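Chemist: This is structure-v8.cif (mmCIF, C-alpha atoms and all ligand atoms).
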```
data_run
#
loop_
_atom_site.label_atom_id
_atom_site.label_comp_id
_atom_site.auth_asym_id
_atom_site.auth_seq_id
_atom_site.Cartn_x
_atom_site.Cartn_y
_atom_site.Cartn_z
CA MET A 67 24.73 -0.56 -41.56
CA GLN A 68 20.98 -0.29 -40.97
CA ARG A 69 19.46 -3.75 -41.43
CA ILE A 70 20.96 -6.98 -40.16
CA ALA A 71 19.26 -10.24 -41.12
CA ILE A 72 20.01 -13.43 -39.20
CA VAL A 73 19.03 -16.71 -40.85
CA GLY A 74 18.44 -19.53 -38.35
CA ALA A 75 16.56 -18.71 -35.14
CA SER A 76 18.14 -21.13 -32.70
CA LEU A 77 20.98 -20.70 -30.22
CA ALA A 78 23.53 -19.09 -32.56
CA GLY A 79 20.97 -16.85 -34.28
CA LEU A 80 19.53 -15.60 -31.01
CA ARG A 81 22.93 -14.98 -29.41
CA ALA A 82 24.03 -13.02 -32.49
CA ALA A 83 20.93 -10.83 -32.26
CA GLN A 84 21.45 -10.21 -28.55
CA GLU A 85 25.13 -9.36 -29.03
CA LEU A 86 24.27 -6.81 -31.73
CA ARG A 87 22.03 -5.02 -29.25
CA ARG A 88 24.56 -5.35 -26.44
CA ARG A 89 27.14 -3.65 -28.68
CA GLY A 90 24.77 -0.75 -29.29
CA PHE A 91 23.54 -1.57 -32.78
CA THR A 92 20.33 0.41 -33.15
CA GLY A 93 19.25 -0.58 -36.66
CA ASN A 94 16.77 -3.31 -37.60
CA VAL A 95 17.59 -6.84 -36.40
CA ARG A 96 15.52 -9.54 -38.04
CA LEU A 97 15.75 -13.19 -37.02
CA ILE A 98 14.31 -15.65 -39.57
CA GLY A 99 13.91 -19.30 -38.66
CA ALA A 100 12.39 -22.35 -40.34
CA ASP A 101 11.35 -23.95 -37.05
CA PRO A 102 7.81 -22.98 -35.99
CA GLU A 103 8.96 -22.49 -32.38
CA LEU A 104 10.71 -19.55 -30.78
CA PRO A 105 14.42 -20.32 -30.11
CA TYR A 106 14.92 -23.23 -27.72
CA ASP A 107 17.78 -25.19 -26.27
CA ARG A 108 18.59 -28.62 -27.69
CA PRO A 109 20.77 -30.23 -24.97
CA PRO A 110 17.81 -30.89 -22.61
CA LEU A 111 15.97 -32.74 -25.39
CA SER A 112 18.10 -35.88 -24.93
CA LYS A 113 18.35 -35.41 -21.15
CA GLN A 114 15.65 -33.77 -18.96
CA VAL A 115 12.91 -33.59 -21.62
CA LEU A 116 13.41 -37.20 -22.72
CA ALA A 117 13.52 -38.33 -19.09
CA GLY A 118 10.18 -36.59 -18.49
CA GLU A 119 11.76 -34.34 -15.84
CA TRP A 120 11.09 -31.17 -17.84
CA GLU A 121 8.07 -30.06 -19.76
CA PRO A 122 9.36 -29.22 -23.29
CA ALA A 123 8.43 -25.57 -22.68
CA ARG A 124 11.26 -25.32 -20.14
CA ALA A 125 13.76 -25.64 -22.99
CA MET A 126 12.70 -22.30 -24.50
CA LEU A 127 15.57 -19.77 -24.63
CA ILE A 128 13.42 -16.64 -24.80
CA ASP A 129 9.81 -15.44 -25.01
CA ARG A 130 8.17 -12.85 -27.26
CA LYS A 131 8.18 -10.20 -24.56
CA ALA A 132 11.97 -10.39 -24.14
CA LEU A 133 12.45 -10.33 -27.91
CA ARG A 134 10.31 -7.21 -28.10
CA SER A 135 12.17 -5.51 -25.30
CA ASP A 136 15.43 -6.07 -27.22
CA ASP A 137 13.68 -4.90 -30.40
CA ILE A 138 14.47 -8.15 -32.19
CA GLU A 139 12.01 -8.90 -34.96
CA ILE A 140 11.38 -12.62 -35.44
CA SER A 141 9.79 -14.69 -38.21
CA THR A 142 9.34 -18.32 -37.19
CA GLY A 143 8.23 -21.11 -39.54
CA THR A 144 9.97 -19.24 -42.36
CA ALA A 145 12.64 -20.98 -44.41
CA VAL A 146 15.01 -18.79 -46.39
CA THR A 147 15.31 -20.36 -49.83
CA SER A 148 18.11 -18.38 -51.47
CA LEU A 149 20.69 -15.64 -51.11
CA ASP A 150 21.57 -12.98 -53.69
CA LEU A 151 24.99 -12.04 -52.39
CA GLY A 152 25.66 -9.12 -54.75
CA GLY A 153 22.17 -7.67 -54.30
CA ARG A 154 22.22 -8.26 -50.50
CA ARG A 155 18.82 -9.89 -50.64
CA LEU A 156 17.28 -13.03 -49.16
CA SER A 157 14.26 -14.86 -50.52
CA THR A 158 11.63 -16.87 -48.71
CA GLU A 159 8.60 -18.49 -50.28
CA HIS A 160 6.60 -15.31 -49.70
CA GLU A 161 8.95 -12.33 -49.68
CA SER A 162 12.33 -10.79 -50.43
CA ILE A 163 14.33 -9.38 -47.53
CA ASP A 164 16.98 -6.74 -48.14
CA TYR A 165 19.86 -6.53 -45.69
CA ASP A 166 23.08 -4.62 -45.14
CA GLY A 167 24.63 -7.29 -42.91
CA LEU A 168 23.90 -11.02 -42.76
CA VAL A 169 24.50 -13.67 -40.09
CA ILE A 170 24.21 -17.27 -41.28
CA ALA A 171 23.21 -19.53 -38.39
CA THR A 172 21.28 -22.35 -40.04
CA GLY A 173 22.92 -25.11 -37.99
CA ALA A 174 22.65 -28.73 -38.96
CA ARG A 175 20.08 -31.51 -39.34
CA PRO A 176 20.27 -35.24 -38.65
CA ARG A 177 21.83 -37.46 -41.27
CA ARG A 178 19.36 -40.13 -42.40
CA LEU A 179 19.76 -43.79 -43.29
CA PRO A 180 19.04 -44.55 -46.95
CA THR A 181 16.26 -46.99 -46.03
CA ALA A 182 12.50 -46.66 -45.64
CA THR A 183 11.59 -45.54 -42.13
CA PRO A 184 8.28 -46.82 -40.73
CA ALA A 185 6.53 -45.13 -37.79
CA GLY A 186 8.38 -45.64 -34.53
CA VAL A 187 11.75 -44.71 -36.08
CA HIS A 188 12.83 -41.37 -34.65
CA GLU A 189 15.54 -38.75 -34.92
CA LEU A 190 16.19 -36.17 -32.24
CA ARG A 191 17.02 -32.62 -33.22
CA THR A 192 13.90 -30.52 -32.73
CA LEU A 193 11.36 -29.94 -30.01
CA ALA A 194 8.80 -31.66 -32.27
CA ASP A 195 11.14 -34.70 -32.51
CA ALA A 196 11.42 -34.78 -28.71
CA ARG A 197 7.65 -34.56 -28.20
CA SER A 198 7.07 -37.37 -30.67
CA LEU A 199 9.74 -39.61 -29.07
CA VAL A 200 8.48 -38.93 -25.53
CA ALA A 201 4.94 -39.80 -26.64
CA ASP A 202 6.15 -43.06 -28.19
CA LEU A 203 7.98 -44.05 -25.00
CA SER A 204 5.12 -43.30 -22.66
CA ASP A 205 3.58 -46.80 -22.65
CA GLY A 206 5.89 -48.33 -20.04
CA PRO A 207 9.16 -50.24 -20.61
CA GLN A 208 9.86 -50.95 -24.24
CA THR A 209 12.55 -52.44 -26.43
CA ILE A 210 14.61 -49.67 -27.97
CA VAL A 211 17.31 -49.79 -30.60
CA VAL A 212 19.57 -46.77 -30.85
CA VAL A 213 21.36 -46.58 -34.18
CA GLY A 214 24.66 -44.71 -33.84
CA ALA A 215 26.82 -44.33 -30.75
CA GLY A 216 27.72 -40.67 -31.09
CA PHE A 217 26.98 -38.41 -28.16
CA ILE A 218 23.30 -37.96 -28.93
CA GLY A 219 22.76 -41.69 -29.43
CA ALA A 220 24.68 -42.44 -26.23
CA GLU A 221 22.66 -39.89 -24.24
CA VAL A 222 19.38 -41.26 -25.60
CA ALA A 223 20.52 -44.78 -24.66
CA ALA A 224 21.50 -43.68 -21.13
CA THR A 225 18.26 -41.74 -20.54
CA CYS A 226 16.08 -44.57 -21.88
CA ARG A 227 17.97 -47.19 -19.88
CA SER A 228 17.58 -45.09 -16.72
CA GLN A 229 13.81 -45.06 -17.44
CA GLY A 230 13.76 -48.86 -17.40
CA HIS A 231 13.61 -49.50 -21.15
CA ARG A 232 15.58 -52.37 -22.72
CA VAL A 233 18.22 -50.72 -24.91
CA THR A 234 20.55 -51.91 -27.66
CA ILE A 235 23.05 -49.59 -29.35
CA VAL A 236 24.14 -50.49 -32.88
CA GLU A 237 27.25 -48.74 -34.16
CA VAL A 238 28.97 -49.37 -37.47
CA ALA A 239 32.41 -48.28 -36.20
CA PRO A 240 34.43 -50.68 -34.06
CA VAL A 241 34.59 -48.08 -31.28
CA PRO A 242 31.82 -45.69 -30.23
CA MET A 243 32.31 -41.91 -30.18
CA GLU A 244 35.73 -42.27 -31.74
CA ARG A 245 35.36 -39.08 -33.78
CA ALA A 246 34.40 -37.10 -30.67
CA VAL A 247 36.78 -38.49 -28.05
CA GLY A 248 39.18 -40.96 -29.69
CA ALA A 249 39.33 -44.75 -29.47
CA GLU A 250 40.53 -45.04 -25.86
CA MET A 251 37.78 -42.93 -24.28
CA GLY A 252 35.24 -44.33 -26.75
CA ALA A 253 35.98 -47.78 -25.31
CA VAL A 254 35.50 -46.38 -21.78
CA MET A 255 32.08 -45.03 -22.79
CA ALA A 256 31.08 -48.38 -24.37
CA ASP A 257 32.00 -50.08 -21.11
CA LEU A 258 29.93 -47.58 -19.11
CA HIS A 259 26.85 -48.45 -21.15
CA ARG A 260 27.44 -52.20 -20.90
CA ARG A 261 27.72 -51.93 -17.12
CA HIS A 262 24.32 -50.25 -17.09
CA GLY A 263 22.79 -53.15 -18.98
CA VAL A 264 22.84 -51.75 -22.53
CA ASP A 265 23.57 -54.27 -25.27
CA VAL A 266 26.31 -52.52 -27.27
CA ARG A 267 26.85 -53.95 -30.77
CA LEU A 268 29.90 -52.51 -32.48
CA GLY A 269 31.25 -52.86 -36.01
CA VAL A 270 27.86 -53.76 -37.46
CA ALA A 271 25.65 -51.77 -39.82
CA VAL A 272 21.89 -51.47 -40.05
CA ASP A 273 20.54 -52.96 -43.29
CA GLN A 274 16.89 -52.09 -42.97
CA PHE A 275 13.96 -51.75 -40.63
CA VAL A 276 11.42 -54.53 -40.19
CA GLY A 277 7.74 -53.56 -40.19
CA ASP A 278 5.52 -51.75 -42.65
CA GLU A 279 3.25 -49.39 -40.78
CA ARG A 280 5.14 -49.55 -37.52
CA VAL A 281 8.70 -50.63 -36.81
CA ALA A 282 9.06 -54.12 -35.34
CA GLY A 283 12.76 -54.70 -35.63
CA VAL A 284 16.10 -53.81 -37.17
CA GLU A 285 17.95 -56.06 -39.61
CA LEU A 286 21.71 -55.87 -39.23
CA GLY A 287 24.49 -56.39 -41.74
CA ASP A 288 25.64 -59.56 -39.94
CA GLY A 289 22.32 -61.25 -40.76
CA SER A 290 20.82 -60.91 -37.29
CA THR A 291 17.57 -59.10 -36.46
CA LEU A 292 16.93 -57.08 -33.31
CA GLU A 293 13.41 -56.70 -32.00
CA ALA A 294 12.36 -53.08 -31.54
CA ASP A 295 9.30 -51.18 -30.38
CA VAL A 296 11.06 -47.87 -30.92
CA VAL A 297 14.20 -46.95 -32.88
CA VAL A 298 16.21 -43.76 -32.48
CA VAL A 299 18.68 -42.92 -35.24
CA GLY A 300 21.61 -40.68 -34.25
CA ILE A 301 24.22 -41.06 -36.97
CA GLY A 302 25.54 -37.52 -37.12
CA VAL A 303 24.41 -34.30 -38.73
CA VAL A 304 24.86 -32.40 -41.97
CA PRO A 305 25.12 -28.60 -42.12
CA ASN A 306 22.12 -26.76 -43.58
CA THR A 307 23.73 -25.04 -46.58
CA GLU A 308 21.52 -26.09 -49.51
CA TRP A 309 19.80 -22.70 -49.57
CA LEU A 310 23.21 -21.10 -50.22
CA GLU A 311 24.11 -23.20 -53.26
CA GLY A 312 24.94 -21.00 -56.23
CA SER A 313 25.16 -17.89 -54.06
CA GLY A 314 28.91 -17.53 -54.50
CA LEU A 315 29.74 -18.35 -50.89
CA VAL A 316 32.26 -21.14 -50.45
CA LEU A 317 30.50 -24.26 -49.14
CA ASP A 318 32.53 -27.23 -48.00
CA ASN A 319 30.98 -29.21 -45.16
CA GLY A 320 29.61 -25.90 -43.87
CA VAL A 321 29.92 -22.23 -44.77
CA VAL A 322 33.62 -21.52 -45.14
CA CYS A 323 34.73 -18.34 -43.31
CA ASP A 324 38.04 -16.65 -42.68
CA ALA A 325 39.66 -16.69 -39.25
CA THR A 326 37.46 -13.76 -38.19
CA LEU A 327 34.24 -15.57 -39.27
CA LEU A 328 33.69 -13.45 -42.36
CA ALA A 329 32.27 -15.52 -45.25
CA ALA A 330 32.00 -12.56 -47.69
CA PRO A 331 31.86 -8.78 -47.26
CA GLY A 332 28.99 -8.09 -44.86
CA VAL A 333 28.34 -11.81 -44.27
CA VAL A 334 29.36 -13.85 -41.22
CA ALA A 335 28.51 -17.39 -40.10
CA ALA A 336 28.34 -19.04 -36.68
CA GLY A 337 27.36 -22.23 -34.89
CA ASP A 338 27.01 -25.75 -36.28
CA VAL A 339 26.97 -24.47 -39.87
CA ALA A 340 30.24 -22.47 -39.78
CA ARG A 341 33.64 -23.75 -40.80
CA TRP A 342 36.64 -21.58 -40.09
CA PRO A 343 40.38 -21.78 -39.47
CA ASN A 344 40.93 -21.78 -35.71
CA LEU A 345 44.44 -20.35 -35.51
CA LEU A 346 44.96 -21.68 -31.99
CA PHE A 347 45.07 -25.22 -33.42
CA ASP A 348 46.15 -24.38 -37.00
CA GLU A 349 43.12 -26.37 -38.05
CA THR A 350 39.95 -25.63 -40.02
CA MET A 351 37.03 -26.84 -37.98
CA ARG A 352 33.26 -26.99 -37.73
CA ILE A 353 32.05 -27.48 -34.17
CA GLU A 354 28.71 -29.02 -33.23
CA HIS A 355 28.51 -27.93 -29.60
CA TRP A 356 26.43 -25.59 -27.50
CA ASP A 357 29.18 -23.39 -26.07
CA ASN A 358 30.70 -22.79 -29.45
CA ALA A 359 27.36 -21.84 -31.02
CA GLY A 360 26.81 -19.08 -28.46
CA ASP A 361 30.38 -17.78 -28.30
CA GLN A 362 30.90 -17.92 -32.03
CA ALA A 363 27.63 -16.12 -32.70
CA ALA A 364 28.63 -13.29 -30.38
CA ALA A 365 32.04 -13.09 -32.09
CA ALA A 366 30.38 -13.13 -35.53
CA ALA A 367 28.05 -10.29 -34.53
CA ARG A 368 31.02 -8.22 -33.33
CA ARG A 369 32.82 -9.01 -36.58
CA LEU A 370 29.90 -7.67 -38.58
CA LEU A 371 30.03 -4.38 -36.69
CA ALA A 372 33.85 -4.11 -36.77
CA THR A 373 35.86 -2.13 -39.25
CA GLY A 374 38.55 -4.20 -40.98
CA ALA A 375 41.26 -3.05 -38.58
CA GLU A 376 39.26 -4.07 -35.50
CA ALA A 377 38.50 -7.58 -36.77
CA GLN A 378 39.74 -10.31 -34.48
CA ALA A 379 40.39 -13.96 -35.17
CA PHE A 380 38.04 -16.34 -33.34
CA THR A 381 40.34 -18.77 -31.50
CA PRO A 382 38.39 -20.69 -28.86
CA VAL A 383 39.24 -23.95 -27.14
CA PRO A 384 36.22 -26.07 -28.13
CA TRP A 385 34.36 -27.47 -25.13
CA PHE A 386 31.35 -29.67 -24.54
CA TRP A 387 29.67 -31.76 -21.90
CA SER A 388 27.48 -34.82 -21.88
CA ASP A 389 25.42 -36.33 -19.07
CA GLN A 390 25.10 -40.10 -19.13
CA TYR A 391 23.78 -42.04 -16.10
CA ASP A 392 25.47 -40.48 -13.06
CA ARG A 393 28.49 -39.41 -15.09
CA LYS A 394 29.25 -35.91 -16.26
CA VAL A 395 31.63 -36.01 -19.17
CA GLN A 396 33.46 -32.85 -20.17
CA VAL A 397 35.73 -32.52 -23.14
CA ALA A 398 38.00 -29.58 -23.98
CA GLY A 399 40.15 -28.91 -27.01
CA ARG A 400 40.93 -31.40 -29.76
CA THR A 401 40.66 -35.10 -29.11
CA ASN A 402 41.00 -36.33 -32.70
CA ASP A 403 44.35 -37.15 -34.31
CA ALA A 404 46.13 -37.43 -30.95
CA ASP A 405 49.67 -38.82 -30.85
CA GLU A 406 49.04 -40.11 -27.35
CA VAL A 407 46.23 -40.30 -24.76
CA VAL A 408 47.18 -40.63 -21.08
CA VAL A 409 44.98 -40.91 -17.99
CA ALA A 410 46.71 -38.22 -15.94
CA HIS A 411 44.44 -38.01 -12.92
CA GLY A 412 42.11 -40.38 -11.07
CA ALA A 413 41.09 -43.86 -12.15
CA VAL A 414 38.92 -45.02 -15.02
CA ASP A 415 37.52 -47.88 -12.88
CA GLU A 416 36.26 -45.42 -10.29
CA GLY A 417 34.54 -43.30 -12.92
CA ARG A 418 36.42 -40.16 -11.87
CA PHE A 419 39.40 -39.29 -14.03
CA VAL A 420 40.95 -36.97 -16.58
CA ALA A 421 42.64 -38.14 -19.79
CA LEU A 422 44.92 -35.79 -21.71
CA TYR A 423 45.55 -35.79 -25.46
CA ARG A 424 48.96 -34.97 -26.94
CA ARG A 425 49.68 -33.58 -30.39
CA GLY A 426 53.44 -33.23 -30.82
CA GLU A 427 54.69 -31.60 -27.63
CA ARG A 428 51.44 -29.73 -27.09
CA LEU A 429 48.46 -30.43 -24.91
CA ALA A 430 45.63 -30.67 -27.47
CA GLY A 431 42.68 -31.94 -25.45
CA ALA A 432 41.27 -33.16 -22.15
CA PHE A 433 38.48 -35.64 -21.38
CA GLY A 434 37.12 -35.65 -17.86
CA MET A 435 34.59 -37.88 -16.15
CA ASN A 436 33.12 -36.32 -13.00
CA ARG A 437 36.16 -34.04 -12.77
CA PRO A 438 34.98 -30.61 -14.04
CA ARG A 439 37.57 -28.51 -12.19
CA HIS A 440 40.48 -30.42 -13.70
CA VAL A 441 39.05 -30.14 -17.22
CA ILE A 442 38.67 -26.38 -16.76
CA SER A 443 42.31 -26.00 -15.69
CA SER A 444 43.46 -28.14 -18.63
CA ARG A 445 41.33 -26.02 -20.94
CA ALA A 446 43.15 -22.90 -19.77
CA LEU A 447 46.48 -24.57 -20.50
CA ILE A 448 45.32 -25.56 -24.00
CA ALA A 449 44.41 -21.90 -24.62
CA GLU A 450 47.97 -20.92 -23.62
CA ARG A 451 49.42 -23.49 -26.06
CA GLY A 452 50.78 -25.27 -22.99
CA SER A 453 52.95 -28.36 -23.15
CA PHE A 454 51.68 -31.88 -22.57
CA ALA A 455 54.41 -32.48 -19.99
CA GLU A 456 53.31 -29.48 -17.95
CA ALA A 457 49.67 -30.58 -18.14
CA ILE A 458 50.58 -34.03 -16.83
CA ASP A 459 52.59 -32.45 -13.98
CA ARG A 460 49.69 -30.20 -13.00
CA LEU A 461 47.19 -33.05 -12.86
CA THR A 462 49.30 -35.73 -11.22
CA ASP A 463 48.15 -36.22 -7.62
C1 LIG A 501 19.41 -33.67 -28.63
C2 LIG A 501 20.64 -32.80 -28.61
C3 LIG A 501 21.44 -32.77 -27.47
C4 LIG A 501 22.58 -31.97 -27.44
N1 LIG A 501 23.35 -31.97 -26.32
C5 LIG A 501 24.47 -31.22 -26.28
C6 LIG A 501 25.31 -31.22 -25.12
O1 LIG A 501 25.04 -31.92 -24.14
N2 LIG A 501 26.41 -30.44 -25.13
C7 LIG A 501 26.75 -29.67 -26.22
O2 LIG A 501 27.77 -28.99 -26.18
N3 LIG A 501 25.97 -29.65 -27.32
C8 LIG A 501 24.86 -30.41 -27.39
N4 LIG A 501 24.07 -30.39 -28.51
C9 LIG A 501 24.48 -29.57 -29.68
C10 LIG A 501 23.94 -28.14 -29.63
O3 LIG A 501 22.59 -28.14 -29.30
C11 LIG A 501 24.19 -27.48 -30.99
O4 LIG A 501 25.57 -27.36 -31.14
C12 LIG A 501 23.49 -26.14 -31.12
O5 LIG A 501 22.10 -26.30 -31.12
C13 LIG A 501 23.91 -25.43 -32.41
O6 LIG A 501 23.20 -24.24 -32.52
P1 LIG A 501 23.00 -23.50 -33.93
O7 LIG A 501 22.14 -22.32 -33.62
O8 LIG A 501 24.30 -23.32 -34.59
O9 LIG A 501 22.23 -24.53 -34.86
P2 LIG A 501 20.80 -25.26 -34.68
O10 LIG A 501 20.49 -25.42 -33.23
O11 LIG A 501 20.87 -26.46 -35.56
O12 LIG A 501 19.78 -24.23 -35.30
C14 LIG A 501 19.75 -23.86 -36.62
C15 LIG A 501 18.37 -23.30 -36.92
O13 LIG A 501 18.34 -22.85 -38.27
C16 LIG A 501 17.09 -23.16 -38.85
N5 LIG A 501 17.26 -23.22 -40.30
C17 LIG A 501 17.90 -24.14 -41.04
N6 LIG A 501 17.85 -23.82 -42.34
C18 LIG A 501 17.14 -22.69 -42.43
C19 LIG A 501 16.74 -21.86 -43.53
N7 LIG A 501 17.06 -22.15 -44.80
N8 LIG A 501 15.99 -20.76 -43.26
C20 LIG A 501 15.65 -20.44 -41.98
N9 LIG A 501 16.02 -21.19 -40.92
C21 LIG A 501 16.75 -22.29 -41.15
C22 LIG A 501 16.74 -24.50 -38.23
O14 LIG A 501 15.33 -24.72 -38.28
C23 LIG A 501 17.26 -24.34 -36.80
O15 LIG A 501 16.26 -23.88 -35.94
C24 LIG A 501 22.92 -31.19 -28.58
C25 LIG A 501 22.12 -31.24 -29.73
C26 LIG A 501 20.99 -32.03 -29.76
C27 LIG A 501 20.14 -32.09 -31.00
#
```
Once you've parsed the file, please lay out its structure as C-alpha cells.
Modeler:
Amino acid sequence: MQRIAIVGASLAGLRAAQELRRRGFTGNVRLIGADPELPYDRPPLSKQVLAGEWEPARAMLIDRKALRSDDIEISTGTAVTSLDLGGRRLSTEHESIDYDGLVIATGARPRRLPTATPAGVHELRTLADARSLVADLSDGPQTIVVVGAGFIGAEVAATCRSQGHRVTIVEVAPVPMERAVGAEMGAVMADLHRRHGVDVRLGVAVDQFVGDERVAGVELGDGSTLEADVVVVGIGVVPNTEWLEGSGLVLDNGVVCDATLLAAPGVVAAGDVARWPNLLFDETMRIEHWDNAGDQAAAAARRLLATGAEAQAFTPVPWFWSDQYDRKVQVAGRTNDADEVVVAHGAVDEGRFVALYRRGERLAGAFGMNRPRHVISSRALIAERGSFAEAIDRLTD
C-alpha cells in the first residue's frame, strides 16, 4: 500500500493519519477536509470558547509545522464529492485522487428544523458556528432559547446561563437527554438546569421562528410564544454519508463496517460517521463522542495496515464527559435500553453520585456526577463483562 487517503480532517481523520505514521507507514498520507480550518477540537466550542475563556485558536489540534514534520499532506476547504470503490478513486470539484487505502472520517452535521431560520438562529458544530454565536452573545445579557436538550443543547444552556443570559430550553421529548443517559438521569439533569434558573419546557415542539430579518421569538406547538434575542438549535446530528451514495458501500445511519472497522476491501471508517458491531455489547452502534473518534480512528488505521489474520475487532466501552455548571458528568458504557438504573454511590441531592445501568445480569453502563474515579472503575468492570451485582458491591460505601 503506497497511498492512503483520509476523507474528513477533524479529530478522527487526524488521529488516523498520526497512527499510520506511528505504525511506520512510509507511503503518502493525504488528509482531505471540507472545513476551511486545520483540524480542531469541538468539545471546547460549547464550553471554554462559548464562555469567552478561550480564544477559538486554542481549540486547534495541530499546526502546519507539525503536519509537515509527520509528512501528512492536508487539503482543507475541499469536499470529496464521490467515491469510485472499484477504481479506488475519489473525486472533488477540481481533481481525482487515486488511493490504495481509504479512511472515511466525515463525521456528522447538525440536524435542522424544517422551518425558515432568520438571523440569530444558530447551530454549533464548527469553529465558524462558535465564532458567530459568540459574536451574537457579546452585547450583554440576552434572552436565549435553546431548542433541544441533548448534551450540546444542555451545555450551551449551562454556559449561557453562567454568563448571565436568560435561558429557556425547549425539548420535544418528555425527558431531556433520554437517548444519551436514560429517563432517570435525564430528569436529574433537567432538575440541575432548573435549579440554576433555566426555564426547562419539556414535551413541547417548536413550530416556527418569529421574525423576518432577525429572530424575535419562538412559536411552540402548545400555542405559546417565547421571546428570543438568540436561538441555538441542538437537535442531534446526521452522519455525512451523502457523498458515498451509489458507491456500493453499505450506508445505514452511517457507514456500515464489520467488527474490525472494515467497510470494504481497503476501506475503513471511524468516528461519528462509522457504524459497526461492537462485540463487547453484541450491539451495532454509532458513537458521537470524542474518545471514540480518536480511539476508533487509530484502530481503523491499524486495520488498514493489517493483514487479514492480524485484524482485531474494535470492542471499546464507549465513554464521554460533559461539563455543566460546576458539575462534571461522565458516562461509560451503554445507558439506553437498561432493565434497571440504581444510584449505587453518593447522593443525587448532593450532586456527587454514580448510577449504574443493568442489562440482564450484566453491568451495561455508569453515569457519574463529580465522581470520575468511580466511573473509571465501573468502566473497567464493563470491559470485563462484569456483573451488575458485583458493580453495586464495589461502589457501595
Ligand atoms: C459543540 C460540541 C461539543 C462537544 N462536546 C463533547 C464532549 O464534551 N464530550 C464528548 O465526548 N464529545 C463531545 N463532542 C463530540 C465530538 O466532538 C465528536 O464526537 C467528534 O468531533 C467526532 O469527530 P469526527 O472526526 O468523527 O467527526 P467531525 O468532528 O464531525 O469531523 C468530520 C469532518 O469531516 C468533514 N467532512 C464532511 N464531509 C466531507 C466530505 N464529503 N469531504 C471532505 N470532508 C468532509 C467535516 O467538514 C468535518 O470537519 C462535542 C461536539 C460538539 C459539536
Chemist: Compute the set of protein, DNA and RNA residues whose minimum atom distance to ligand LIG 501 (chain A) is at most 7 Å, using all atoms listed in the file, and state it as a ChimeraX atom specification.
Modeler: /A:73-79,98-101,107-112,144-147,171-175,190-192,218,306,309,336-339,354-357,359,385-389
Chemist: I'd like the contact shell of Gly287 (chain A) - 6 Å cut-off, only C-alpha atoms, skipping same-chain residues fewer than 2 positions apart - returned as a PyMOL selection string.
Modeler: chain A and resi 271-273+289
Chemist: For region 209-264 of chain A versus region 402-421 of chain A, which residues have an atom no more than 12 Å away, and what is each residue's nearest atom pair and distance in Å rounded to one decimal, using only C-alpha atoms, chain-then-number order, as a tab-separated table?
Modeler:
```
residue	atom	partner	partner_atom	distance
A:Met243	CA	A:Asn402	CA	10.6
A:Glu244	CA	A:Asn402	CA	8.0
A:Arg245	CA	A:Asn402	CA	6.4
A:Ala246	CA	A:Asn402	CA	6.9
A:Val247	CA	A:Asn402	CA	6.6
A:Gly248	CA	A:Asn402	CA	5.8
A:Ala249	CA	A:Asn402	CA	9.2
A:Glu250	CA	A:Val407	CA	7.5
A:Met251	CA	A:Ala421	CA	8.2
A:Gly252	CA	A:Asn402	CA	11.5
A:Ala253	CA	A:Val414	CA	11.1
A:Val254	CA	A:Val414	CA	7.7
A:Met255	CA	A:Gly417	CA	10.3
A:Asp257	CA	A:Asp415	CA	10.2
A:Leu258	CA	A:Gly417	CA	8.8
A:Arg261	CA	A:Asp415	CA	11.4
```
Chemist: Within 10 Å of Ile301 (chain A), counting all atoms listed in the file, which residues show up once you throw out same-chain ones fewer than 6 positions away? Write them as number ranges by chain, please.
Modeler: A: 176-179, 189, 212-219, 237-238
Chemist: Given only C-alpha atoms as the basis, pick out the residue of A:Ala340, A:Leu317, A:Ala71, A:Ala446 nearest to Gly431 (chain A).
Modeler: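 Closest to Gly431 (chain A), using only C-alpha atoms: A:Ala446.
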Chemist: Using all atoms listed in the file, find the one residue out of A:Ala220, A:Ala364, A:Leu149, A:Leu429 that sits nearest to Lys113 (chain A).
Modeler: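 For Lys113 (chain A), the nearest of the candidates is A:Ala220.
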Chemist: I'd like the neighbourhood of Asp136 (chain A) as an MDAnalysis selection string, where a residue qualifies if any of its atoms comes within 12 Å (using all atoms listed in the file), though same-chain residues fewer than 2 positions away should be ignored.
Modeler: chainID A and resid 80:81 83:88 90:96 128:134 138:140
Chemist: Residues at most 12 Å from Val200 (chain A), counting all atoms listed in the file, excluding those fewer than 2 positions away in the same chain, as a PyMOL selection string?
Modeler: chain A and resi 111-122+186+188-190+193-198+202-206+222+225-226+229+296+298
Chemist: Counting all atoms listed in the file, what is within 6 Å of Ile70 (chain A), bar same-chain residues fewer than 3 positions away, as a PyMOL selection string?
Modeler: chain A and resi 95+165-168
Chemist: Which distance in Å separates CA of Gln208 (chain A) and CA of Ala185 (chain A), to one decimal?
Modeler: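 About the pair CA of Gln208 (chain A) and CA of Ala185 (chain A): they are 15.1 Å apart.
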Chemist: Would you work out the distance separating CA of Ile235 (chain A) from CA of Val264 (chain A), expressed in Å to one decimal?
Modeler: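 Atom-to-atom, CA of Ile235 (chain A) and CA of Val264 (chain A) are spaced 7.2 Å apart.
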Chemist: For the atom pair CA of Arg428 (chain A) and CA of Val322 (chain A), what is the interatomic distance in Å to one decimal place?
Modeler: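 Result for CA of Arg428 (chain A) versus CA of Val322 (chain A): 26.7 Å, one decimal.
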Chemist: Would you compute, for all listed atoms of region 421-434 of chain A, the axis-aligned bounding box grown by 3 Å on each side, and then report its centre and edge lengths in Å rounded to one decimal, as AutoDock Vina command-line options?
Modeler:
```
--center_x 45.9 --center_y -33.9 --center_z -24.3 --size_x 23.6 --size_y 14.4 --size_z 19.0
```
Chemist: Between A:Val233, A:Val266, A:Val297, A:Val276, which residue has the minimum interatomic distance to Leu199 (chain A), considering only C-alpha atoms?
Modeler: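 That would be A:Val297, the residue with the smallest distance to Leu199 (chain A).
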Chemist: List as a compact mmCIF listing (two decimals) with C-alpha atoms, keeping the file's coordinate frame the residues having at least one atom at most 7 Å from position (37.5, -29.3, -19.6) as given in the file, counting all atoms listed in the file.
Modeler:
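out13.txt, freshly written:
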```
# COMPACT_ATOMS: atom_id res chain seq x y z
CA TRP A 385 34.36 -27.47 -25.13
CA GLN A 396 33.46 -32.85 -20.17
CA VAL A 397 35.73 -32.52 -23.14
CA ALA A 398 38.00 -29.58 -23.98
CA ALA A 432 41.27 -33.16 -22.15
CA PHE A 433 38.48 -35.64 -21.38
CA GLY A 434 37.12 -35.65 -17.86
CA PRO A 438 34.98 -30.61 -14.04
CA HIS A 440 40.48 -30.42 -13.70
CA VAL A 441 39.05 -30.14 -17.22
CA ILE A 442 38.67 -26.38 -16.76
CA SER A 444 43.46 -28.14 -18.63
CA ARG A 445 41.33 -26.02 -20.94
```
